[in-house]
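K.L.:
Contents of query-v8.json (JSON, C-alpha atoms) are given next:
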```json
[["chain", "number", "residue", "atom", "x", "y", "z"],
["G", 54, "MET", "CA", -97.25, -86.18, -143.74],
["G", 55, "ARG", "CA", -96.00, -85.04, -140.37],
["G", 56, "TYR", "CA", -97.32, -81.63, -139.33],
["G", 57, "LEU", "CA", -95.68, -79.71, -136.48],
["G", 58, "ILE", "CA", -97.80, -76.98, -134.90],
["G", 59, "VAL", "CA", -95.93, -74.03, -133.38],
["G", 60, "SER", "CA", -96.84, -70.62, -131.91],
["G", 61, "CYS", "CA", -100.06, -71.93, -130.39],
["G", 62, "THR", "CA", -101.32, -73.32, -127.11],
["G", 63, "LEU", "CA", -103.42, -76.22, -125.90],
["G", 64, "TYR", "CA", -104.22, -74.53, -122.58],
["G", 65, "ASP", "CA", -106.18, -71.68, -124.14],
["G", 66, "GLY", "CA", -109.42, -72.80, -125.75],
["G", 67, "GLY", "CA", -108.96, -70.21, -128.49],
["G", 68, "GLY", "CA", -105.64, -71.70, -129.52],
["G", 69, "LEU", "CA", -107.03, -75.20, -129.22],
["G", 70, "ALA", "CA", -109.95, -74.27, -131.49],
["G", 71, "MET", "CA", -107.51, -73.18, -134.21],
["G", 72, "ILE", "CA", -105.53, -76.40, -133.78],
["G", 73, "ARG", "CA", -108.67, -78.54, -133.96],
["G", 74, "GLY", "CA", -109.75, -76.69, -137.09],
["G", 75, "ALA", "CA", -106.38, -77.21, -138.76],
["G", 76, "MET", "CA", -106.43, -80.91, -137.91],
["G", 77, "ASN", "CA", -109.97, -81.31, -139.24],
["G", 78, "GLY", "CA", -109.19, -79.50, -142.48],
["G", 79, "LEU", "CA", -105.87, -81.17, -143.18],
["G", 80, "GLY", "CA", -107.36, -84.53, -142.28],
["G", 81, "GLN", "CA", -109.73, -84.12, -145.23],
["G", 82, "LEU", "CA", -106.78, -83.60, -147.58],
["G", 83, "ASP", "CA", -104.27, -86.03, -146.08],
["G", 84, "THR", "CA", -105.61, -89.28, -144.67],
["G", 85, "GLN", "CA", -102.12, -90.14, -143.36],
["G", 86, "ALA", "CA", -101.71, -86.83, -141.50],
["G", 87, "GLU", "CA", -99.85, -86.99, -138.19],
["G", 88, "PHE", "CA", -99.91, -83.97, -135.88],
["G", 89, "ARG", "CA", -97.77, -82.86, -132.99],
["G", 90, "SER", "CA", -97.57, -79.57, -131.13],
["G", 91, "LEU", "CA", -94.45, -77.81, -129.84],
["G", 92, "HIS", "CA", -95.01, -75.62, -126.81],
["G", 93, "ALA", "CA", -93.88, -74.87, -123.28],
["G", 94, "LEU", "CA", -95.31, -76.77, -120.31],
["G", 95, "GLN", "CA", -97.51, -73.86, -119.19],
["G", 96, "HIS", "CA", -99.23, -73.95, -122.59],
["G", 97, "ASP", "CA", -100.17, -77.61, -122.34],
["G", 98, "ARG", "CA", -103.45, -79.33, -121.54],
["G", 99, "LEU", "CA", -102.38, -82.89, -120.92],
["G", 100, "GLY", "CA", -103.83, -85.67, -122.99],
["G", 101, "ILE", "CA", -105.08, -83.56, -125.90],
["G", 102, "MET", "CA", -102.47, -84.56, -128.49],
["G", 103, "LYS", "CA", -98.88, -85.71, -128.87],
["G", 104, "THR", "CA", -96.43, -82.93, -128.10],
["G", 105, "PHE", "CA", -92.82, -81.84, -128.06],
["G", 106, "ARG", "CA", -91.65, -79.72, -125.14],
["G", 107, "GLU", "CA", -90.37, -76.20, -125.83],
["G", 108, "PRO", "CA", -87.47, -75.41, -125.58],
["G", 109, "GLU", "CA", -85.93, -78.77, -124.64],
["G", 110, "GLN", "CA", -87.17, -80.63, -127.73],
["G", 111, "ASN", "CA", -87.16, -77.82, -130.31],
["G", 112, "ASP", "CA", -84.50, -79.42, -132.49],
["G", 113, "GLU", "CA", -86.06, -82.87, -132.27],
["G", 114, "ALA", "CA", -89.44, -81.46, -133.22],
["G", 115, "PHE", "CA", -88.20, -79.74, -136.38],
["G", 116, "GLN", "CA", -86.29, -82.87, -137.38],
["G", 117, "TRP", "CA", -89.50, -84.91, -137.01],
["G", 118, "ALA", "CA", -91.72, -82.65, -139.12],
["G", 119, "ASP", "CA", -92.35, -82.59, -142.86],
["G", 120, "VAL", "CA", -93.90, -79.11, -142.64],
["G", 121, "ILE", "CA", -94.17, -76.47, -139.91],
["G", 122, "LEU", "CA", -97.56, -74.90, -139.22],
["G", 123, "ASP", "CA", -97.47, -71.55, -137.45],
["G", 124, "ILE", "CA", -100.92, -71.16, -135.89],
["G", 125, "GLY", "CA", -100.64, -67.99, -133.85],
["G", 126, "GLY", "CA", -103.73, -65.83, -133.57],
["G", 127, "LEU", "CA", -101.95, -62.49, -133.86],
["G", 128, "PHE", "CA", -98.47, -62.17, -135.40],
["G", 129, "ALA", "CA", -96.44, -59.46, -133.65],
["G", 130, "CYS", "CA", -92.82, -60.59, -134.09],
["G", 131, "GLN", "CA", -92.95, -62.76, -130.96],
["G", 132, "LYS", "CA", -89.57, -63.95, -129.73],
["G", 133, "ASN", "CA", -90.09, -67.63, -130.43],
["G", 134, "LYS", "CA", -90.70, -66.94, -134.13],
["G", 135, "TYR", "CA", -87.00, -66.10, -134.44],
["G", 136, "ASN", "CA", -86.21, -69.49, -132.91],
["G", 137, "TRP", "CA", -88.44, -71.12, -135.53],
["G", 138, "LEU", "CA", -86.65, -69.12, -138.25],
["G", 139, "ASN", "CA", -83.28, -70.54, -137.20],
["G", 140, "LEU", "CA", -84.61, -74.08, -136.93],
["G", 141, "ARG", "CA", -86.45, -74.10, -140.24],
["G", 142, "ASN", "CA", -83.32, -72.84, -141.96],
["G", 143, "LYS", "CA", -81.17, -75.41, -140.16],
["G", 144, "HIS", "CA", -83.43, -78.32, -141.12],
["G", 145, "ASP", "CA", -84.66, -76.88, -144.46],
["G", 146, "LYS", "CA", -88.35, -77.36, -143.63],
["G", 147, "PRO", "CA", -91.29, -75.63, -145.36],
["G", 148, "TYR", "CA", -93.00, -73.12, -143.08],
["G", 149, "VAL", "CA", -96.60, -71.93, -143.34],
["G", 150, "TYR", "CA", -98.28, -69.08, -141.51],
["G", 151, "MET", "CA", -101.77, -70.53, -141.41],
["G", 152, "ALA", "CA", -104.69, -68.11, -141.14],
["G", 153, "GLN", "CA", -103.84, -65.41, -138.62],
["G", 154, "SER", "CA", -103.73, -61.64, -138.24],
["G", 155, "PHE", "CA", -100.61, -59.53, -138.67],
["G", 156, "LYS", "CA", -99.87, -56.52, -136.49],
["G", 157, "ASN", "CA", -96.10, -55.92, -136.84],
["G", 158, "ILE", "CA", -93.89, -57.17, -139.65],
["G", 159, "ASP", "CA", -90.22, -58.16, -139.68],
["G", 160, "PRO", "CA", -89.56, -59.18, -143.31],
["G", 161, "LYS", "CA", -86.83, -61.67, -142.42],
["G", 162, "LEU", "CA", -89.45, -63.81, -140.69],
["G", 163, "PHE", "CA", -91.45, -64.08, -143.93],
["G", 164, "HIS", "CA", -88.79, -65.00, -146.49],
["G", 165, "GLY", "CA", -89.33, -68.50, -147.84],
["G", 166, "THR", "CA", -92.72, -68.97, -146.19],
["G", 167, "ALA", "CA", -96.34, -69.26, -147.29],
["G", 168, "ILE", "CA", -98.59, -66.69, -145.63],
["G", 169, "VAL", "CA", -102.33, -66.76, -144.99],
["G", 170, "SER", "CA", -104.11, -63.74, -143.49],
["G", 171, "ARG", "CA", -107.46, -63.81, -141.70],
["G", 172, "GLY", "CA", -108.69, -60.71, -143.54],
["G", 173, "LYS", "CA", -108.08, -57.99, -146.08],
["G", 174, "ARG", "CA", -106.77, -55.34, -143.65],
["G", 175, "SER", "CA", -104.16, -57.67, -142.24],
["G", 176, "ALA", "CA", -103.27, -58.91, -145.73],
["G", 177, "GLU", "CA", -102.63, -55.37, -146.91],
["G", 178, "LEU", "CA", -99.97, -54.95, -144.24],
["G", 179, "VAL", "CA", -98.20, -58.06, -145.49],
["G", 180, "ARG", "CA", -98.38, -56.87, -149.11],
["G", 181, "GLU", "CA", -96.96, -53.49, -148.13],
["G", 182, "HIS", "CA", -93.77, -55.35, -147.19],
["G", 183, "GLY", "CA", -93.58, -57.03, -150.59],
["G", 184, "PHE", "CA", -94.93, -60.50, -149.80],
["G", 185, "ASP", "CA", -97.69, -62.51, -151.45],
["G", 186, "VAL", "CA", -100.48, -63.48, -149.11],
["G", 187, "TYR", "CA", -103.62, -65.63, -149.25],
["G", 188, "ILE", "CA", -106.79, -64.62, -147.41],
["G", 189, "ALA", "CA", -108.83, -67.19, -145.51],
["G", 190, "PRO", "CA", -110.97, -66.94, -142.36],
["G", 191, "ASP", "CA", -109.90, -68.35, -139.00],
["G", 192, "LEU", "CA", -109.19, -72.06, -138.72],
["G", 193, "SER", "CA", -111.74, -72.40, -135.92],
["G", 194, "PHE", "CA", -114.48, -72.22, -138.57],
["G", 195, "LEU", "CA", -113.48, -75.85, -139.23],
["G", 196, "VAL", "CA", -114.35, -76.98, -135.70],
["G", 197, "GLU", "CA", -117.19, -79.52, -135.67],
["G", 198, "PRO", "CA", -119.65, -78.38, -132.96],
["G", 199, "LYS", "CA", -121.06, -80.99, -130.60],
["G", 200, "GLU", "CA", -124.78, -80.66, -130.04],
["G", 201, "TRP", "CA", -125.55, -79.02, -126.69],
["G", 202, "THR", "CA", -127.94, -81.13, -124.59],
["G", 203, "GLY", "CA", -127.74, -79.23, -121.31],
["G", 204, "ARG", "CA", -129.88, -76.43, -119.94],
["G", 205, "HIS", "CA", -131.06, -73.86, -122.46],
["G", 206, "TYR", "CA", -129.56, -70.37, -122.12],
["G", 207, "GLU", "CA", -130.59, -67.22, -123.91],
["G", 208, "ARG", "CA", -127.13, -65.64, -124.11],
["G", 209, "ALA", "CA", -123.49, -66.65, -123.79],
["G", 210, "PHE", "CA", -120.83, -64.31, -122.40],
["G", 211, "ILE", "CA", -117.06, -64.70, -122.82],
["G", 212, "SER", "CA", -114.87, -62.18, -121.00],
["G", 213, "HIS", "CA", -111.16, -61.41, -121.40],
["G", 214, "ALA", "CA", -108.72, -59.32, -119.37],
["G", 215, "GLY", "CA", -107.64, -56.17, -121.17],
["G", 216, "LYS", "CA", -110.84, -55.87, -123.20],
["G", 217, "ARG", "CA", -113.63, -53.36, -122.66],
["G", 218, "ILE", "CA", -115.96, -55.80, -120.88],
["G", 219, "ASP", "CA", -117.52, -53.55, -118.20],
["G", 220, "PRO", "CA", -120.92, -53.48, -119.95],
["G", 221, "MET", "CA", -121.13, -57.26, -119.60],
["G", 222, "TYR", "CA", -121.59, -56.91, -115.84],
["G", 223, "ASP", "CA", -124.55, -54.58, -116.35],
["G", 224, "ILE", "CA", -126.47, -56.63, -118.90],
["G", 225, "CYS", "CA", -125.84, -60.29, -118.02],
["G", 226, "ASP", "CA", -128.59, -62.16, -116.15],
["G", 227, "LEU", "CA", -128.01, -65.15, -113.87],
["G", 228, "ASP", "CA", -131.45, -66.56, -114.66],
["G", 229, "THR", "CA", -131.00, -66.71, -118.42],
["G", 230, "ASP", "CA", -127.30, -66.47, -119.35],
["G", 231, "ILE", "CA", -124.08, -68.53, -119.15],
["G", 232, "GLN", "CA", -120.40, -67.59, -119.05],
["G", 233, "ILE", "CA", -118.08, -69.71, -121.18],
["G", 234, "ILE", "CA", -114.52, -69.98, -119.86],
["G", 235, "THR", "CA", -111.98, -70.76, -122.57],
["G", 236, "LYS", "CA", -108.82, -70.14, -120.54],
["G", 237, "PRO", "CA", -109.20, -71.12, -116.87],
["G", 238, "PRO", "CA", -107.34, -69.20, -114.13],
["G", 239, "ARG", "CA", -103.89, -70.45, -113.19],
["G", 240, "GLY", "CA", -102.75, -69.60, -109.69],
["G", 241, "ASN", "CA", -103.38, -65.91, -109.14],
["G", 242, "GLU", "CA", -103.54, -65.16, -112.86],
["G", 243, "VAL", "CA", -107.05, -64.64, -114.19],
["G", 244, "TYR", "CA", -107.37, -64.50, -117.97],
["G", 245, "GLU", "CA", -111.15, -64.26, -118.22],
["G", 246, "PRO", "CA", -112.68, -62.34, -115.29],
["G", 247, "ALA", "CA", -115.65, -63.98, -113.62],
["G", 248, "LEU", "CA", -119.11, -62.61, -114.35],
["G", 249, "PRO", "CA", -122.05, -63.09, -111.93],
["G", 250, "LEU", "CA", -123.17, -66.13, -113.94],
["G", 251, "ASN", "CA", -122.89, -69.89, -113.92],
["G", 252, "SER", "CA", -119.94, -70.94, -116.06],
["G", 253, "PHE", "CA", -118.96, -73.73, -118.45],
["G", 254, "ILE", "CA", -115.49, -75.02, -119.39],
["G", 255, "GLY", "CA", -115.14, -77.52, -122.22],
["G", 256, "MET", "CA", -113.39, -78.54, -125.42],
["G", 257, "PRO", "CA", -113.92, -76.38, -128.54],
["G", 258, "GLU", "CA", -116.49, -78.79, -129.95],
["G", 259, "GLU", "CA", -118.54, -78.40, -126.77],
["G", 260, "THR", "CA", -118.24, -74.62, -126.52],
["G", 261, "PHE", "CA", -119.11, -74.22, -130.20],
["G", 262, "GLY", "CA", -122.15, -76.41, -129.65],
["G", 263, "LEU", "CA", -123.23, -74.39, -126.62],
["G", 264, "ILE", "CA", -122.87, -71.15, -128.57],
["G", 265, "ALA", "CA", -124.96, -72.63, -131.40],
["G", 266, "SER", "CA", -127.76, -73.26, -128.89],
["G", 267, "VAL", "CA", -128.13, -69.68, -127.55],
["G", 268, "GLY", "CA", -129.84, -66.65, -129.03],
["G", 269, "GLU", "CA", -126.98, -64.18, -128.88],
["G", 270, "VAL", "CA", -123.30, -64.05, -127.95],
["G", 271, "HIS", "CA", -121.32, -61.36, -126.13],
["G", 272, "THR", "CA", -117.63, -62.10, -126.46],
["G", 273, "ALA", "CA", -114.20, -60.63, -125.88],
["G", 274, "ARG", "CA", -112.55, -63.75, -127.35],
["G", 275, "TYR", "CA", -111.95, -64.02, -131.09],
["G", 276, "GLN", "CA", -112.63, -67.72, -131.59],
["G", 277, "MET", "CA", -115.92, -67.55, -129.69],
["G", 278, "ALA", "CA", -116.99, -64.80, -132.08],
["G", 279, "CYS", "CA", -116.11, -67.24, -134.87],
["G", 280, "ALA", "CA", -118.35, -69.83, -133.22],
["G", 281, "ALA", "CA", -121.22, -67.34, -133.14],
["G", 282, "ILE", "CA", -120.77, -66.33, -136.78],
["G", 283, "LEU", "CA", -120.52, -70.00, -137.82],
["G", 284, "ALA", "CA", -123.84, -70.68, -136.08],
["G", 285, "GLY", "CA", -125.48, -67.58, -137.55],
["G", 286, "LYS", "CA", -125.99, -65.99, -134.13],
["G", 287, "SER", "CA", -126.14, -62.33, -133.17],
["G", 288, "VAL", "CA", -122.68, -61.41, -131.86],
["G", 289, "THR", "CA", -121.37, -58.42, -129.93],
["G", 290, "ILE", "CA", -117.58, -58.14, -129.80],
["G", 291, "TYR", "CA", -115.87, -56.38, -126.88],
["G", 292, "ASP", "CA", -112.55, -55.07, -128.17],
["G", 293, "THR", "CA", -109.51, -53.27, -126.71],
["G", 294, "GLY", "CA", -109.94, -49.78, -128.10],
["G", 295, "ASN", "CA", -106.50, -50.08, -129.73],
["G", 296, "ILE", "CA", -107.04, -49.31, -133.42],
["G", 297, "GLU", "CA", -104.23, -51.49, -134.73],
["G", 298, "TYR", "CA", -105.10, -54.48, -132.54],
["G", 299, "ASP", "CA", -108.82, -54.24, -133.22],
["G", 300, "LYS", "CA", -108.39, -54.44, -137.00],
["G", 301, "LYS", "CA", -108.52, -58.20, -136.57],
["G", 302, "TYR", "CA", -112.12, -57.87, -135.36],
["G", 303, "GLN", "CA", -113.00, -55.67, -138.32],
["G", 304, "ASP", "CA", -111.63, -58.38, -140.61],
["G", 305, "LEU", "CA", -113.61, -61.02, -138.73],
["G", 306, "LEU", "CA", -116.87, -59.11, -139.02],
["G", 307, "ASP", "CA", -116.49, -59.18, -142.80],
["G", 308, "CYS", "CA", -117.43, -62.85, -142.40],
["G", 309, "ASN", "CA", -120.65, -62.06, -140.55],
["G", 310, "GLY", "CA", -123.67, -63.24, -142.50],
["G", 311, "MET", "CA", -121.82, -65.89, -144.51],
["G", 312, "SER", "CA", -123.30, -69.38, -144.44],
["G", 313, "ALA", "CA", -121.58, -72.13, -142.49],
["G", 314, "GLU", "CA", -120.85, -73.91, -145.77],
["G", 315, "ALA", "CA", -119.22, -70.81, -147.26],
["G", 316, "LEU", "CA", -117.17, -70.16, -144.11],
["G", 317, "ARG", "CA", -115.88, -73.72, -144.00],
["G", 318, "GLY", "CA", -115.05, -73.70, -147.68],
["G", 319, "ALA", "CA", -113.11, -70.46, -147.35],
["G", 320, "ALA", "CA", -111.26, -71.64, -144.23],
["G", 321, "MET", "CA", -110.11, -74.76, -146.11],
["G", 322, "LEU", "CA", -107.84, -72.58, -148.26],
["G", 323, "SER", "CA", -105.45, -72.29, -145.32],
["G", 324, "CYS", "CA", -105.25, -76.07, -145.08],
["G", 325, "GLN", "CA", -104.80, -76.46, -148.84],
["G", 326, "VAL", "CA", -101.84, -74.08, -148.77],
["G", 327, "ALA", "CA", -100.25, -76.02, -145.90],
["G", 328, "TYR", "CA", -100.82, -79.37, -147.59],
["G", 329, "GLU", "CA", -99.30, -78.26, -150.89],
["G", 330, "CYS", "CA", -96.28, -76.76, -149.14],
["G", 331, "GLY", "CA", -95.56, -80.02, -147.37],
["G", 332, "ARG", "CA", -95.87, -82.32, -150.39]]
```
Rewrite the structure from the file as structure tokens, please.
P.N.:
Amino acid sequence: MRYLIVSCTLYDGGGLAMIRGAMNGLGQLDTQAEFRSLHALQHDRLGIMKTFREPEQNDEAFQWADVILDIGGLFACQKNKYNWLNLRNKHDKPYVYMAQSFKNIDPKLFHGTAIVSRGKRSAELVREHGFDVYIAPDLSFLVEPKEWTGRHYERAFISHAGKRIDPMYDICDLDTDIQIITKPPRGNEVYEPALPLNSFIGMPEETFGLIASVGEVHTARYQMACAAILAGKSVTIYDTGNIEYDKKYQDLLDCNGMSAEALRGAAMLSCQVAYECGR
């Protein structure tokens, strides 16, 4: 089948980790799977996968697809979701919200869709609006880590603008620790503030492998917390302080302590839902 990925980004390593996980999981179910992503130029990382350009190729992309996969980390009635609503109705295509968190709900965006939540708190919000919802952990639990063969570090730090990361500056150590950059700066815009550490930028498989090699992880990025939990590492999450936003981290921490096998098995539910919707 042809799977079109929307509401995600190749530029941000967090988004790319979810995409890689979805591709890995669906590839186990559908040996003929073909994937393309629809996104704006600023969300691209060239050469990663075949893409359609948003908005110029929106119509062409929906015509091409057998099923639409919405892989946004946090659903909050973003503007482009209304564009996808119009296009999926126009082309009569099945639409799946793969595992993500839900902050605000507009019921008209959910009619005729399959919905997967990343945790019980987020799922409850969906149910309160009268919709059925599956629960499965983040798709990045399906990333296949690449063994880290570089220098050994004791701790990994991942910062993020808007999160309460000040303590990172006090506790990180240049001699023993590494900063992982999942979303590099672009022009004057800095997404992950620099710490006084050496840094590493890589593909999700590489960053997951690096995280698996350290003793503990300090992260303000969701998917890097997933990598730590998948590897069975001690993880400290630096959140926003916003109760509604931070519920997604509470849901994630319900996964802490699960085996890698159990996490991967649970994450596959999201892919199974998408596969069945597209058949």
K.L.:
Quick one: which stretch 55-78 of chain G residues come within 9 Å of stretch 226-249 of chain G, and what is the nearest atom pair for each with the distance in Å to one decimal, counting all atoms listed in the file, rows ordered by chain and ascending number, as CSV?
P.N.:
```
residue,atom,partner,partner_atom,distance
G:Tyr64,CA,G:Lys236,CA,6.7
G:Asp65,CA,G:Lys236,CA,4.7
G:Gly66,CA,G:Thr235,CA,4.6
G:Gly67,CA,G:Thr235,CA,6.7
```
K.L.:
Limited to C-alpha atoms, could you put the picked residues into a file as a tab-separated table (two decimals), in the coordinates of the input?
P.N.:
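Saved to result_9.tsv:
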```tsv
chain	number	residue	atom	x	y	z
G	64	TYR	CA	-104.22	-74.53	-122.58
G	65	ASP	CA	-106.18	-71.68	-124.14
G	66	GLY	CA	-109.42	-72.80	-125.75
G	67	GLY	CA	-108.96	-70.21	-128.49
```
K.L.:
Name the residues within 12 Å of (-120.4, -77.9, -134.6), counting all atoms listed in the file in the file's coordinates, and put them as a PDB file with C-alpha atoms, keeping the file's coordinate frame.
P.N.:
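Output contents, as saved in selection07.pdb:
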```pdb
ATOM      1  CA  ALA G  70    -109.950 -74.270-131.490  1.00  0.00           C
ATOM      2  CA  ARG G  73    -108.670 -78.540-133.960  1.00  0.00           C
ATOM      3  CA  GLY G  74    -109.750 -76.690-137.090  1.00  0.00           C
ATOM      4  CA  ASN G  77    -109.970 -81.310-139.240  1.00  0.00           C
ATOM      5  CA  SER G 193    -111.740 -72.400-135.920  1.00  0.00           C
ATOM      6  CA  PHE G 194    -114.480 -72.220-138.570  1.00  0.00           C
ATOM      7  CA  LEU G 195    -113.480 -75.850-139.230  1.00  0.00           C
ATOM      8  CA  VAL G 196    -114.350 -76.980-135.700  1.00  0.00           C
ATOM      9  CA  GLU G 197    -117.190 -79.520-135.670  1.00  0.00           C
ATOM     10  CA  PRO G 198    -119.650 -78.380-132.960  1.00  0.00           C
ATOM     11  CA  LYS G 199    -121.060 -80.990-130.600  1.00  0.00           C
ATOM     12  CA  GLU G 200    -124.780 -80.660-130.040  1.00  0.00           C
ATOM     13  CA  TRP G 201    -125.550 -79.020-126.690  1.00  0.00           C
ATOM     14  CA  MET G 256    -113.390 -78.540-125.420  1.00  0.00           C
ATOM     15  CA  PRO G 257    -113.920 -76.380-128.540  1.00  0.00           C
ATOM     16  CA  GLU G 258    -116.490 -78.790-129.950  1.00  0.00           C
ATOM     17  CA  GLU G 259    -118.540 -78.400-126.770  1.00  0.00           C
ATOM     18  CA  THR G 260    -118.240 -74.620-126.520  1.00  0.00           C
ATOM     19  CA  PHE G 261    -119.110 -74.220-130.200  1.00  0.00           C
ATOM     20  CA  GLY G 262    -122.150 -76.410-129.650  1.00  0.00           C
ATOM     21  CA  LEU G 263    -123.230 -74.390-126.620  1.00  0.00           C
ATOM     22  CA  ILE G 264    -122.870 -71.150-128.570  1.00  0.00           C
ATOM     23  CA  ALA G 265    -124.960 -72.630-131.400  1.00  0.00           C
ATOM     24  CA  SER G 266    -127.760 -73.260-128.890  1.00  0.00           C
ATOM     25  CA  CYS G 279    -116.110 -67.240-134.870  1.00  0.00           C
ATOM     26  CA  ALA G 280    -118.350 -69.830-133.220  1.00  0.00           C
ATOM     27  CA  ALA G 281    -121.220 -67.340-133.140  1.00  0.00           C
ATOM     28  CA  ILE G 282    -120.770 -66.330-136.780  1.00  0.00           C
ATOM     29  CA  LEU G 283    -120.520 -70.000-137.820  1.00  0.00           C
ATOM     30  CA  ALA G 284    -123.840 -70.680-136.080  1.00  0.00           C
ATOM     31  CA  GLY G 285    -125.480 -67.580-137.550  1.00  0.00           C
ATOM     32  CA  ALA G 313    -121.580 -72.130-142.490  1.00  0.00           C
ATOM     33  CA  GLU G 314    -120.850 -73.910-145.770  1.00  0.00           C
ATOM     34  CA  ARG G 317    -115.880 -73.720-144.000  1.00  0.00           C
TER      35      ARG G 317
END
```
K.L.:
Check the smallest atom-to-atom distance from each of G:Tyr206, G:Tyr56, G:Tyr150, G:Phe184 to G:Gly125 using only C-alpha atoms, then report the winner.
P.N.:
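Ranking G:Tyr206, G:Tyr56, G:Tyr150, G:Phe184 by distance to G:Gly125, first place goes to G:Tyr150.
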K.L.:
Box for stretch 114-120 of chain G - axis-aligned, 3 Å on each of the six sides, all listed atoms - centre and size in Å to one decimal, as lines of an AutoDock Vina configuration file.
P.N.:
```
center_x = -90.1
center_y = -82.0
center_z = -138.0
size_x = 13.6
size_y = 11.8
size_z = 15.6
```
K.L.:
Can you list every residue of stretch 64-133 of chain G that has an atom at most 12 Å from stretch 138-147 of chain G, with its nearest atom pair and the distance in Å to one decimal, using only C-alpha atoms, ordered by chain then number, as a tab-separated table?
P.N.:
```
residue	atom	partner	partner_atom	distance
G:Pro108	CA	G:Leu140	CA	11.8
G:Gln110	CA	G:Leu140	CA	11.6
G:Asn111	CA	G:Leu140	CA	8.0
G:Asp112	CA	G:Leu140	CA	6.9
G:Glu113	CA	G:Leu140	CA	10.1
G:Ala114	CA	G:Leu140	CA	9.6
G:Phe115	CA	G:Leu140	CA	6.7
G:Gln116	CA	G:His144	CA	6.5
G:Trp117	CA	G:His144	CA	9.9
G:Ala118	CA	G:Lys146	CA	7.7
G:Asp119	CA	G:Lys146	CA	6.6
G:Val120	CA	G:Pro147	CA	5.1
G:Ile121	CA	G:Pro147	CA	6.2
G:Leu122	CA	G:Pro147	CA	8.8
G:Asp123	CA	G:Pro147	CA	10.8
G:Cys130	CA	G:Leu138	CA	11.3
G:Gln131	CA	G:Leu138	CA	11.5
G:Lys132	CA	G:Leu138	CA	10.4
G:Asn133	CA	G:Leu138	CA	8.7
```
K.L.:
Using all atoms listed in the file, can you tell me which of G:Asp159, G:Glu329, G:Glu269, G:Asp292 comes closest to G:His213?
P.N.:
G:Asp292
K.L.:
Rounded to one decimal, what separation in Å do you get between atom CA of G:Leu192 and atom CA of G:Ala152?
P.N.:
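Between atom CA of G:Leu192 and atom CA of G:Ala152 the gap is 6.5 Å.
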K.L.:
Check the smallest atom-to-atom distance from each of G:Met54, G:Ser212, G:Arg204, G:Asn309 to G:Thr84 using all atoms listed in the file, then report the winner.
P.N.:
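With all atoms listed in the file as the atom set, the closest residue is G:Met54.
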K.L.:
Go through G:Asp97, G:Glu87, G:Asp191, G:Glu107 one by one, measure the shortest atom-to-atom distance of each to G:Lys301 using only C-alpha atoms, and give the residue with the smallest value.
P.N.:
G:Asp191
K.L.:
Which residue gives the smallest distance to G:Gln325 among G:Ala273, G:Met221, G:Ala214, G:Val169, with all atoms listed in the file counted?
P.N.:
G:Val169
K.L.:
Could you give me, as a ChimeraX atom specification, the residues within 10 Å of G:Asp307, counting all atoms listed in the file and dropping anything in the same chain fewer than 6 positions from it?
P.N.:
/G:172-173,190
K.L.:
Mind giving me the straight-line distance from atom CA of G:Gln303 to atom CA of G:Leu162 in Å, one decimal?
P.N.:
25.0 Å
K.L.:
Neighbouring residues of G:Thr293 were defined as those with any atom within 9 Å, considering all atoms listed in the file; residues of the same chain fewer than 3 positions away were excluded. Please report them as a PDB file with C-alpha atoms, in the frame of the given file.
P.N.:
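out07.pdb written:
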```pdb
ATOM      1  CA  GLY G 215    -107.640 -56.170-121.170  1.00  0.00           C
ATOM      2  CA  LYS G 216    -110.840 -55.870-123.200  1.00  0.00           C
ATOM      3  CA  ARG G 217    -113.630 -53.360-122.660  1.00  0.00           C
ATOM      4  CA  ALA G 273    -114.200 -60.630-125.880  1.00  0.00           C
ATOM      5  CA  ILE G 296    -107.040 -49.310-133.420  1.00  0.00           C
ATOM      6  CA  TYR G 298    -105.100 -54.480-132.540  1.00  0.00           C
ATOM      7  CA  ASP G 299    -108.820 -54.240-133.220  1.00  0.00           C
TER       8      ASP G 299
END
```
K.L.:
Quick one: distance from atom CA of G:Ile188 to atom CA of G:Ala176 in Å, one decimal?
P.N.:
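Separation of atom CA of G:Ile188 and atom CA of G:Ala176: 6.9 Å.
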K.L.:
Point out the residue among G:Ala189, G:Val149, G:Met102, G:Val267 with the least atom-to-atom distance to G:His205, counting only C-alpha atoms.
P.N.:
G:Val267
K.L.:
Is it possible to get the residues within 7 Å of (-108.1, -68.5, -149.5) (coordinates as in the file, counting only C-alpha atoms) written as a PyMOL selection string?
P.N.:
chain G and resi 187-189+319-320+322-323
